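Student: So here's data07.json (JSON, C-alpha atoms and all ligand atoms).
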```json
[["chain", "number", "residue", "atom", "x", "y", "z"],
["Q", 20, "MET", "CA", 24.04, 28.49, 0.56],
["Q", 21, "LEU", "CA", 25.17, 25.76, 2.96],
["Q", 22, "MET", "CA", 22.55, 23.15, 3.71],
["Q", 23, "VAL", "CA", 23.03, 21.16, 6.91],
["Q", 24, "THR", "CA", 21.32, 17.81, 7.47],
["Q", 25, "PHE", "CA", 20.61, 16.54, 10.97],
["Q", 26, "THR", "CA", 19.16, 13.07, 11.49],
["Q", 27, "SER", "CA", 16.90, 12.81, 14.51],
["Q", 28, "HIS", "CA", 16.08, 9.32, 15.80],
["Q", 29, "SER", "CA", 13.79, 10.44, 18.61],
["Q", 30, "VAL", "CA", 11.78, 13.29, 20.05],
["Q", 31, "ALA", "CA", 14.63, 13.84, 22.51],
["Q", 32, "GLU", "CA", 17.10, 14.37, 19.67],
["Q", 33, "THR", "CA", 14.76, 16.84, 17.96],
["Q", 34, "LEU", "CA", 14.35, 18.69, 21.25],
["Q", 35, "SER", "CA", 18.09, 18.86, 21.82],
["Q", 36, "LEU", "CA", 18.72, 20.25, 18.33],
["Q", 37, "GLY", "CA", 16.15, 22.98, 19.02],
["Q", 38, "ALA", "CA", 17.63, 23.60, 22.46],
["Q", 39, "ALA", "CA", 21.09, 24.14, 20.96],
["Q", 40, "TRP", "CA", 19.57, 26.72, 18.62],
["Q", 41, "GLY", "CA", 17.76, 28.38, 21.54],
["Q", 42, "ARG", "CA", 20.99, 28.68, 23.49],
["Q", 43, "GLU", "CA", 22.80, 30.44, 20.66],
["Q", 44, "ALA", "CA", 19.86, 32.53, 19.41],
["Q", 45, "GLN", "CA", 20.05, 36.29, 19.27],
["Q", 46, "ALA", "CA", 17.29, 38.88, 19.02],
["Q", 47, "GLY", "CA", 16.15, 39.36, 15.43],
["Q", 48, "TRP", "CA", 16.46, 35.70, 14.48],
["Q", 49, "VAL", "CA", 13.68, 34.22, 12.33],
["Q", 50, "VAL", "CA", 13.29, 30.46, 11.82],
["Q", 51, "GLY", "CA", 10.85, 29.13, 9.20],
["Q", 52, "LEU", "CA", 9.75, 25.50, 9.62],
["Q", 53, "VAL", "CA", 8.45, 23.42, 6.71],
["Q", 54, "GLY", "CA", 7.09, 19.89, 7.11],
["Q", 55, "ASP", "CA", 3.90, 17.86, 6.96],
["Q", 56, "LEU", "CA", 1.37, 17.36, 9.72],
["Q", 57, "GLY", "CA", 3.16, 15.62, 12.58],
["Q", 58, "ALA", "CA", 6.61, 16.16, 11.10],
["Q", 59, "GLY", "CA", 7.93, 17.48, 14.41],
["Q", 60, "LYS", "CA", 7.80, 21.26, 13.93],
["Q", 61, "THR", "CA", 6.28, 21.89, 17.35],
["Q", 62, "GLN", "CA", 8.79, 19.54, 18.97],
["Q", 63, "LEU", "CA", 11.57, 21.64, 17.48],
["Q", 64, "VAL", "CA", 9.95, 24.84, 18.79],
["Q", 65, "LYS", "CA", 9.73, 23.21, 22.23],
["Q", 66, "GLY", "CA", 13.46, 22.60, 22.03],
["Q", 67, "VAL", "CA", 14.17, 26.22, 21.09],
["Q", 68, "ALA", "CA", 12.02, 27.28, 24.05],
["Q", 69, "GLN", "CA", 14.00, 25.01, 26.37],
["Q", 70, "GLY", "CA", 17.27, 26.44, 25.10],
["Q", 71, "LEU", "CA", 16.01, 29.95, 25.74],
["Q", 72, "GLY", "CA", 14.93, 28.97, 29.25],
["Q", 73, "VAL", "CA", 11.21, 29.42, 28.58],
["Q", 74, "THR", "CA", 9.12, 27.95, 31.39],
["Q", 75, "GLU", "CA", 5.65, 28.38, 29.86],
["Q", 76, "ARG", "CA", 3.99, 25.46, 28.04],
["Q", 77, "VAL", "CA", 4.60, 25.60, 24.31],
["Q", 78, "GLN", "CA", 1.58, 24.84, 22.15],
["Q", 79, "SER", "CA", 0.87, 25.41, 18.47],
["Q", 80, "PRO", "CA", -0.91, 28.74, 17.99],
["Q", 81, "THR", "CA", -3.21, 27.26, 15.37],
["Q", 82, "PHE", "CA", -6.15, 29.55, 16.00],
["Q", 83, "THR", "CA", -4.41, 32.57, 17.49],
["Q", 84, "LEU", "CA", -1.66, 32.60, 14.78],
["Q", 85, "VAL", "CA", 0.93, 33.67, 17.35],
["Q", 86, "ASN", "CA", 1.91, 32.73, 20.90],
["Q", 87, "GLU", "CA", 4.45, 34.79, 22.79],
["Q", 88, "TYR", "CA", 6.55, 33.27, 25.57],
["Q", 89, "ARG", "CA", 8.40, 35.81, 27.67],
["Q", 90, "SER", "CA", 9.88, 33.79, 30.52],
["Q", 91, "GLY", "CA", 13.16, 33.01, 28.74],
["Q", 92, "ARG", "CA", 16.40, 34.83, 28.01],
["Q", 93, "LEU", "CA", 14.73, 36.41, 24.94],
["Q", 94, "PRO", "CA", 11.06, 36.62, 23.95],
["Q", 95, "LEU", "CA", 10.01, 33.69, 21.78],
["Q", 96, "PHE", "CA", 7.35, 34.39, 19.15],
["Q", 97, "HIS", "CA", 5.75, 31.16, 17.94],
["Q", 98, "LEU", "CA", 3.75, 31.59, 14.74],
["Q", 99, "ASP", "CA", 1.72, 29.10, 12.75],
["Q", 100, "PHE", "CA", 0.69, 29.88, 9.17],
["Q", 101, "TYR", "CA", -1.42, 26.72, 8.79],
["Q", 102, "ARG", "CA", -4.68, 28.65, 8.52],
["Q", 103, "LEU", "CA", -3.33, 31.52, 6.45],
["Q", 104, "ASP", "CA", -4.56, 31.22, 2.89],
["Q", 105, "THR", "CA", -4.13, 34.65, 1.40],
["Q", 106, "TRP", "CA", -1.75, 37.53, 1.55],
["Q", 107, "ALA", "CA", -4.68, 39.71, 2.69],
["Q", 108, "GLN", "CA", -5.15, 37.48, 5.74],
["Q", 109, "PHE", "CA", -1.45, 37.73, 6.47],
["Q", 110, "ARG", "CA", -1.59, 41.53, 6.27],
["Q", 111, "SER", "CA", -4.70, 41.88, 8.37],
["Q", 112, "ALA", "CA", -3.21, 39.63, 11.05],
["Q", 113, "GLY", "CA", -0.40, 42.21, 11.40],
["Q", 114, "LEU", "CA", 2.39, 39.64, 11.35],
["Q", 115, "GLU", "CA", 5.04, 41.68, 9.50],
["Q", 116, "GLY", "CA", 6.69, 42.81, 12.74],
["Q", 117, "TYR", "CA", 7.47, 39.21, 13.63],
["Q", 118, "LEU", "CA", 9.33, 38.66, 10.36],
["Q", 119, "CYS", "CA", 11.45, 41.80, 10.17],
["Q", 120, "GLU", "CA", 14.03, 42.07, 12.96],
["Q", 121, "PRO", "CA", 11.75, 40.88, 15.76],
["Q", 122, "PRO", "CA", 12.74, 41.97, 19.30],
["Q", 123, "GLY", "CA", 13.30, 38.31, 20.14],
["Q", 124, "VAL", "CA", 13.26, 34.99, 18.30],
["Q", 125, "THR", "CA", 10.49, 34.16, 15.82],
["Q", 126, "VAL", "CA", 9.78, 30.54, 14.90],
["Q", 127, "ILE", "CA", 7.10, 29.86, 12.28],
["Q", 128, "GLU", "CA", 5.31, 26.57, 11.62],
["Q", 129, "TRP", "CA", 3.98, 26.04, 8.07],
["Q", 130, "PHE", "CA", 6.36, 28.71, 6.87],
["Q", 131, "ASP", "CA", 5.90, 27.58, 3.25],
["Q", 132, "ARG", "CA", 2.36, 28.99, 3.34],
["Q", 133, "CYS", "CA", 3.76, 32.50, 3.16],
["Q", 134, "GLN", "CA", 4.49, 34.21, -0.12],
["Q", 135, "SER", "CA", 7.67, 33.08, -1.84],
["Q", 136, "TRP", "CA", 8.99, 36.62, -2.15],
["Q", 137, "ILE", "CA", 9.01, 36.89, 1.64],
["Q", 138, "THR", "CA", 11.13, 33.74, 1.80],
["Q", 139, "GLU", "CA", 13.48, 35.11, -0.83],
["Q", 140, "GLY", "CA", 13.77, 38.43, 1.04],
["Q", 141, "LEU", "CA", 14.52, 36.66, 4.31],
["Q", 142, "LEU", "CA", 17.10, 34.37, 2.72],
["Q", 143, "ALA", "CA", 18.85, 37.45, 1.34],
["Q", 144, "SER", "CA", 18.94, 39.10, 4.80],
["Q", 145, "PRO", "CA", 22.20, 39.48, 6.77],
["Q", 146, "ALA", "CA", 24.04, 36.27, 7.61],
["Q", 147, "GLY", "CA", 22.36, 34.10, 10.18],
["Q", 148, "ARG", "CA", 19.24, 36.27, 10.51],
["Q", 149, "PHE", "CA", 16.99, 33.67, 8.94],
["Q", 150, "ARG", "CA", 17.05, 29.88, 9.01],
["Q", 151, "ARG", "CA", 14.84, 27.81, 6.72],
["Q", 152, "VAL", "CA", 14.22, 24.32, 8.07],
["Q", 153, "VAL", "CA", 12.65, 21.38, 6.23],
["Q", 154, "ILE", "CA", 11.63, 18.33, 8.27],
["Q", 155, "GLU", "CA", 10.98, 15.03, 6.53],
["Q", 156, "THR", "CA", 9.59, 11.88, 8.06],
["Q", 157, "CYS", "CA", 11.41, 8.72, 7.03],
["Q", 158, "GLU", "CA", 9.60, 5.37, 6.90],
["Q", 159, "GLU", "CA", 6.30, 6.96, 5.94],
["Q", 160, "SER", "CA", 3.43, 5.81, 8.09],
["Q", 161, "SER", "CA", -0.15, 6.94, 7.79],
["Q", 162, "LEU", "CA", -0.39, 6.42, 11.55],
["Q", 163, "GLY", "CA", 1.49, 9.68, 11.90],
["Q", 164, "LEU", "CA", -1.81, 11.36, 11.22],
["Q", 165, "VAL", "CA", -3.29, 10.32, 14.54],
["Q", 166, "GLY", "CA", -0.21, 11.14, 16.54],
["Q", 167, "LEU", "CA", 1.64, 9.22, 19.20],
["Q", 168, "PRO", "CA", 0.56, 8.68, 22.84],
["Q", 169, "GLY", "CA", 0.87, 11.87, 24.81],
["Q", 170, "ASP", "CA", 0.74, 13.89, 21.64],
["Q", 171, "PRO", "CA", -1.05, 17.09, 22.67],
["Q", 172, "GLU", "CA", -2.25, 17.98, 19.21],
["Q", 173, "PRO", "CA", -3.79, 15.02, 17.45],
["Q", 174, "GLU", "CA", -7.15, 16.82, 17.12],
["Q", 175, "ARG", "CA", -6.08, 19.13, 14.34],
["Q", 176, "ARG", "CA", -4.66, 16.24, 12.36],
["Q", 177, "ALA", "CA", -7.79, 14.15, 12.86],
["Q", 178, "SER", "CA", -10.26, 16.96, 12.26],
["Q", 179, "SER", "CA", -8.83, 18.89, 9.37],
["Q", 180, "PRO", "CA", -6.18, 17.13, 7.36],
["Q", 181, "PRO", "CA", -5.50, 18.94, 4.10],
["Q", 182, "ALA", "CA", -6.87, 17.28, 0.99],
["Q", 183, "GLU", "CA", -3.56, 15.70, 0.03],
["Q", 184, "ALA", "CA", -3.05, 14.28, 3.54],
["Q", 185, "SER", "CA", -6.46, 12.65, 3.61],
["Q", 186, "ALA", "CA", -5.94, 11.26, 0.12],
["Q", 187, "GLN", "CA", -2.79, 9.50, 1.34],
["Q", 188, "ALA", "CA", -4.30, 8.46, 4.63],
["Q", 189, "GLY", "CA", -5.41, 5.01, 3.44],
["Q", 190, "PRO", "CA", -7.43, 3.40, 6.24],
["Q", 191, "SER", "CA", -9.92, 5.72, 7.91],
["Q", 192, "LEU", "CA", -8.75, 7.78, 10.85],
["Q", 193, "ALA", "CA", -11.37, 6.08, 13.00],
["Q", 194, "ALA", "CA", -9.91, 2.70, 12.07],
["Q", 195, "LEU", "CA", -6.41, 3.89, 12.86],
["Q", 196, "ALA", "CA", -7.56, 5.30, 16.18],
["Q", 197, "GLY", "CA", -9.07, 1.89, 16.92],
["Q", 198, "ILE", "CA", -5.74, 0.19, 16.23],
["Q", 199, "GLY", "CA", -4.06, 2.77, 18.43],
["Q", 200, "ALA", "CA", -6.47, 2.20, 21.29],
["Q", 201, "ALA", "CA", -5.94, -1.57, 21.08],
["Q", 202, "ALA", "CA", -2.18, -1.14, 21.02],
["Q", 203, "ARG", "CA", -2.31, 1.19, 24.03],
["Q", 204, "ARG", "CA", -4.47, -1.23, 26.05],
["Q", 205, "ASP", "CA", -1.80, -3.91, 25.99],
["Q", 206, "GLY", "CA", 1.10, -1.59, 26.37],
["Q", 207, "GLY", "CA", 1.69, -1.31, 22.65],
["Q", 208, "ARG", "CA", 3.01, -4.85, 22.25],
["Q", 209, "SER", "CA", 0.45, -6.37, 19.91],
["Q", 210, "GLY", "CA", 0.42, -3.13, 17.95],
["Q", 211, "GLY", "CA", 3.92, -3.92, 16.83],
["Q", 212, "ASP", "CA", 5.89, -0.76, 16.38],
["Q", 213, "TRP", "CA", 2.95, 1.59, 15.79],
["Q", 214, "PHE", "CA", 4.17, 4.11, 18.35],
["Q", 215, "ARG", "CA", 7.89, 3.77, 17.85],
["Q", 216, "GLU", "CA", 9.73, 7.04, 17.49],
["Q", 217, "ARG", "CA", 10.62, 7.70, 13.91],
["Q", 218, "ILE", "CA", 13.57, 9.11, 12.09],
["Q", 219, "ARG", "CA", 13.28, 12.69, 10.97],
["Q", 220, "LEU", "CA", 15.63, 14.33, 8.51],
["Q", 221, "ILE", "CA", 15.99, 17.95, 9.57],
["Q", 222, "GLN", "CA", 17.64, 20.04, 6.87],
["Q", 223, "TYR", "CA", 18.40, 23.71, 7.30],
["Q", 224, "GLU", "CA", 20.13, 26.62, 5.64],
["Q", 225, "ASP", "CA", 20.91, 30.10, 6.93],
["Q", 226, "SER", "CA", 20.52, 33.44, 5.22],
["Q", 227, "GLY", "CA", 23.71, 34.92, 3.89],
["Q", 228, "ALA", "CA", 25.69, 31.79, 4.79],
["Y", 301, "LIG", "N1", 12.35, 12.00, 15.76],
["Y", 301, "LIG", "C1", 11.22, 12.66, 16.08],
["Y", 301, "LIG", "N2", 11.23, 14.02, 16.22],
["Y", 301, "LIG", "C2", 10.09, 14.71, 16.50],
["Y", 301, "LIG", "N3", 8.89, 14.13, 16.71],
["Y", 301, "LIG", "C3", 8.81, 12.79, 16.58],
["Y", 301, "LIG", "C4", 9.96, 12.00, 16.28],
["Y", 301, "LIG", "N4", 9.57, 10.70, 16.21],
["Y", 301, "LIG", "C5", 8.27, 10.68, 16.48],
["Y", 301, "LIG", "N5", 7.80, 11.92, 16.72],
["Y", 301, "LIG", "C6", 6.39, 12.24, 17.01],
["Y", 301, "LIG", "O1", 5.91, 13.02, 15.93],
["Y", 301, "LIG", "C7", 4.98, 13.96, 16.40],
["Y", 301, "LIG", "C8", 5.43, 15.36, 16.01],
["Y", 301, "LIG", "O2", 4.42, 16.24, 16.40],
["Y", 301, "LIG", "P1", 4.49, 17.80, 16.24],
["Y", 301, "LIG", "O3", 3.30, 18.36, 16.93],
["Y", 301, "LIG", "O4", 5.83, 18.31, 16.63],
["Y", 301, "LIG", "O5", 4.34, 17.94, 14.65],
["Y", 301, "LIG", "P2", 4.09, 19.27, 13.82],
["Y", 301, "LIG", "O6", 5.04, 19.22, 12.67],
["Y", 301, "LIG", "O7", 4.13, 20.46, 14.70],
["Y", 301, "LIG", "O8", 2.62, 19.01, 13.28],
["Y", 301, "LIG", "P3", 1.47, 20.08, 12.94],
["Y", 301, "LIG", "O9", 1.63, 20.41, 11.48],
["Y", 301, "LIG", "O10", 0.22, 19.34, 13.20],
["Y", 301, "LIG", "O11", 1.64, 21.27, 13.83],
["Y", 301, "LIG", "C9", 4.88, 13.80, 17.92],
["Y", 301, "LIG", "O12", 3.77, 12.97, 18.18],
["Y", 301, "LIG", "C10", 6.18, 13.10, 18.26],
["Y", 301, "LIG", "O13", 6.03, 12.26, 19.40],
["Y", 302, "MG", "MG", 2.80, 21.93, 15.21]]
```
When written as structure tokens, how does the structure in this file appear?
Ligand SMILES: Nc1ncnc2c1ncn2[C@@H]1O[C@H](COP(=O)(O)OP(=O)(O)OP(=O)(O)O)[C@@H](O)[C@H]1O
Ligand SMILES: [Mg+2]
Tutor:
Amino acid sequence: MLMVTFTSHSVAETLSLGAAWGREAQAGWVVGLVGDLGAGKTQLVKGVAQGLGVTERVQSPTFTLVNEYRSGRLPLFHLDFYRLDTWAQFRSAGLEGYLCEPPGVTVIEWFDRCQSWITEGLLASPAGRFRRVVIETCEESSLGLVGLPGDPEPERRASSPPAEASAQAGPSLAALAGIGAAARRDGGRSGGDWFRERIRLIQYEDSGA
């Protein structure tokens, strides 16, 4: 299977990659996104939405599990498996229809939380039906946990980091938020490069390719 690596240096580059995918997307396409908290999964979904011509605001469906945006060229189904722990929860949420030839484009955050046999089945599906995407943050920074200015979703990261994320977090989130507030007050200068955009490695492979 051919693995493609895209290096994003900014949010804008991540958005434009997603937008290119949105422009070429066809109904039935499923995209599974894998990456840590703050990796840029939602930014990529925003790009796909742009490329499809979606005008609604794109937000992670953390509590609802799925958001549907219907203002674009094709319906966009935005799923988030972050809170799915068991196969029973997956079944009772009735999500199968979004994974098997959806009548639009399905993009899933925290895709790796679903059972591995689903991933294997999707990867074996007809060429180009499924794209598995892994986003890695270069230059690791624990500040990623509190998000950047204008980040709409820092609450989830601050309120419920998974055990491994909090173990790596180092200084307390409150302390980091304090640094962030100080950096914001003086336009970010004394905070050094705390809020600088960071490089993301976005690797992806297509089913059947
Ligand atoms: N090159 C980049 N591409 C994407 N986002 C970037 C980049 N550099 C910095 N960022 C920042 O990283 C954050 C990515 O947030 P985003 O909500 O997309 O992450 P996520 O993977 O969806 O996290 P979560 O698991 O909490 O849903 C944003 O604050 C964005 O500004
Ligand atoms: Mg997200």
Student: Which residue, Q:Leu118, Q:Val77, Q:Cys157, Q:Leu34, has the smallest gap to Arg89 in chain Q when you use only C-alpha atoms?
Tutor: Q:Val77
Student: Write out as an mmCIF file with C-alpha atoms, in the frame of the given file the residues lying within 9 Å of range 105-116 of chain Q, counting only C-alpha atoms and excluding same-chain residues fewer than 2 positions away.
Tutor:
```
data_model
loop_
_atom_site.group_PDB
_atom_site.id
_atom_site.type_symbol
_atom_site.label_atom_id
_atom_site.label_comp_id
_atom_site.auth_asym_id
_atom_site.auth_seq_id
_atom_site.Cartn_x
_atom_site.Cartn_y
_atom_site.Cartn_z
ATOM 1 C CA LEU Q 84 -1.660 32.600 14.780
ATOM 2 C CA VAL Q 85 0.930 33.670 17.350
ATOM 3 C CA LEU Q 98 3.750 31.590 14.740
ATOM 4 C CA PHE Q 100 0.690 29.880 9.170
ATOM 5 C CA LEU Q 103 -3.330 31.520 6.450
ATOM 6 C CA LEU Q 118 9.330 38.660 10.360
ATOM 7 C CA CYS Q 119 11.450 41.800 10.170
ATOM 8 C CA GLU Q 120 14.030 42.070 12.960
ATOM 9 C CA PRO Q 121 11.750 40.880 15.760
ATOM 10 C CA PRO Q 122 12.740 41.970 19.300
ATOM 11 C CA ARG Q 132 2.360 28.990 3.340
ATOM 12 C CA CYS Q 133 3.760 32.500 3.160
ATOM 13 C CA GLN Q 134 4.490 34.210 -0.120
#
```
Student: Just checking: using all atoms listed in the file, which residue out of Q:Thr33, Q:Gln62, Q:Thr74, Q:Thr125 ends up closest to ligand MG 302 (chain Y)?
Tutor: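 Using all atoms listed in the file, the shortest distance to ligand MG 302 (chain Y) belongs to Q:Gln62.
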Student: Please find the residues contacting ligand MG 302 (chain Y) at a distance of at most 8 Å between atoms, with all atoms listed in the file counted, and report them as a list in words.
Tutor: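 I would give the residues around ligand MG 302 (chain Y) as Leu56, Gly57, Gly59, Lys60, Thr61, Gln62, Gln78, Ser79, Asp99, Glu128 and Glu172 of chain Q.
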Student: Might you pull out every residue within 10 Å of Ala31 in chain Q, with all atoms listed in the file counted and same-chain residues fewer than 5 positions away left off, and present them as a PyMOL selection string?
Tutor: chain Q and resi 36-37+62-63+66+216
Student: Could you save those same residues with C-alpha atoms as a short mmCIF file (atom, residue, chain, number, x, y, z; two decimals), in the coordinates of the input?
Tutor:
```cif
data_model
loop_
_atom_site.label_atom_id
_atom_site.label_comp_id
_atom_site.auth_asym_id
_atom_site.auth_seq_id
_atom_site.Cartn_x
_atom_site.Cartn_y
_atom_site.Cartn_z
CA LEU Q 36 18.72 20.25 18.33
CA GLY Q 37 16.15 22.98 19.02
CA GLN Q 62 8.79 19.54 18.97
CA LEU Q 63 11.57 21.64 17.48
CA GLY Q 66 13.46 22.60 22.03
CA GLU Q 216 9.73 7.04 17.49
#
```
Student: Using all atoms listed in the file, which of the listed residues (Q:Ile218, Q:Asp131, Q:Thr83, Q:Val124) sits closest to ligand LIG 301 (chain Y)?
Tutor: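 When distances to ligand LIG 301 (chain Y) are compared using all atoms listed in the file, the smallest one comes from Q:Ile218.
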Student: Return as JSON the centre and edge lengths, in Å with one decimal, of the box along x, y and z that encloses every atom of ligand LIG 301 (chain Y) in the file, padded by 5 Å per side.
Tutor:
```
{"center_x": 6.3, "center_y": 16.0, "center_z": 15.4, "size_x": 22.1, "size_y": 20.6, "size_z": 17.9}
```
Student: Interatomic distance between CA of Val23 in chain Q and CA of Lys65 in chain Q?
Tutor: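 Calculated distance between CA of Val23 in chain Q and CA of Lys65 in chain Q is 20.4 Å.
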Student: Report, in Å to a single decimal, how far apart CA of Val49 in chain Q and CA of Gly91 in chain Q are.
Tutor: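 Going from CA of Gly91 in chain Q over to CA of Val49 in chain Q, I get 16.5 Å.
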Student: What does the structure give for the distance between atom N4 of ligand LIG 301 (chain Y) and CA of Ile221 in chain Q, in Å to one decimal?
Tutor: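 The value is 11.7 Å.
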Student: Nearest to ligand LIG 301 (chain Y): which of Q:Arg219, Q:Arg102, Q:Arg76, Q:Arg151 is it, counting only C-alpha atoms and all ligand atoms?
Tutor: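 Nearest to ligand LIG 301 (chain Y): Q:Arg219.
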Student: Give me the residues near Gly41 in chain Q as number ranges by chain, where near means some atom within 8 Å (using only C-alpha atoms) and where sequence neighbours in that chain fewer than 4 positions away do not count.
Tutor: Q: 37, 66-71
Student: Could I get range 98-109 of chain Q from the block written as a PDB file, in the first residue's frame, with N, CA and C atoms?
Tutor:
```
ATOM      1  N   LEU Q  98     -17.313  12.382  12.432  1.00  0.00           N
ATOM      2  CA  LEU Q  98     -17.446  11.522  13.605  1.00  0.00           C
ATOM      3  C   LEU Q  98     -16.237  11.682  14.514  1.00  0.00           C
ATOM      4  N   ASP Q  99     -16.427  11.374  15.775  1.00  0.00           N
ATOM      5  CA  ASP Q  99     -15.343  11.452  16.749  1.00  0.00           C
ATOM      6  C   ASP Q  99     -15.485  10.265  17.697  1.00  0.00           C
ATOM      7  N   PHE Q 100     -14.524   9.370  17.661  1.00  0.00           N
ATOM      8  CA  PHE Q 100     -14.597   8.149  18.484  1.00  0.00           C
ATOM      9  C   PHE Q 100     -13.910   8.319  19.841  1.00  0.00           C
ATOM     10  N   TYR Q 101     -13.570   9.563  20.198  1.00  0.00           N
ATOM     11  CA  TYR Q 101     -12.796   9.787  21.428  1.00  0.00           C
ATOM     12  C   TYR Q 101     -13.456   9.145  22.638  1.00  0.00           C
ATOM     13  N   ARG Q 102     -14.767   9.245  22.741  1.00  0.00           N
ATOM     14  CA  ARG Q 102     -15.452   8.735  23.930  1.00  0.00           C
ATOM     15  C   ARG Q 102     -16.006   7.318  23.747  1.00  0.00           C
ATOM     16  N   LEU Q 103     -15.652   6.689  22.658  1.00  0.00           N
ATOM     17  CA  LEU Q 103     -16.119   5.310  22.471  1.00  0.00           C
ATOM     18  C   LEU Q 103     -15.107   4.348  23.079  1.00  0.00           C
ATOM     19  N   ASP Q 104     -15.550   3.577  24.051  1.00  0.00           N
ATOM     20  CA  ASP Q 104     -14.617   2.658  24.699  1.00  0.00           C
ATOM     21  C   ASP Q 104     -14.843   1.212  24.305  1.00  0.00           C
ATOM     22  N   THR Q 105     -16.083   0.874  24.003  1.00  0.00           N
ATOM     23  CA  THR Q 105     -16.362  -0.540  23.746  1.00  0.00           C
ATOM     24  C   THR Q 105     -17.106  -0.704  22.421  1.00  0.00           C
ATOM     25  N   TRP Q 106     -17.017  -1.895  21.933  1.00  0.00           N
ATOM     26  CA  TRP Q 106     -17.724  -2.236  20.698  1.00  0.00           C
ATOM     27  C   TRP Q 106     -19.236  -2.089  20.920  1.00  0.00           C
ATOM     28  N   ALA Q 107     -19.718  -2.411  22.129  1.00  0.00           N
ATOM     29  CA  ALA Q 107     -21.143  -2.290  22.429  1.00  0.00           C
ATOM     30  C   ALA Q 107     -21.596  -0.832  22.285  1.00  0.00           C
ATOM     31  N   GLN Q 108     -20.751   0.085  22.758  1.00  0.00           N
ATOM     32  CA  GLN Q 108     -21.101   1.511  22.625  1.00  0.00           C
ATOM     33  C   GLN Q 108     -21.174   1.905  21.155  1.00  0.00           C
ATOM     34  N   PHE Q 109     -20.229   1.383  20.393  1.00  0.00           N
ATOM     35  CA  PHE Q 109     -20.186   1.674  18.961  1.00  0.00           C
ATOM     36  C   PHE Q 109     -21.475   1.193  18.297  1.00  0.00           C
TER      37      PHE Q 109
END
```
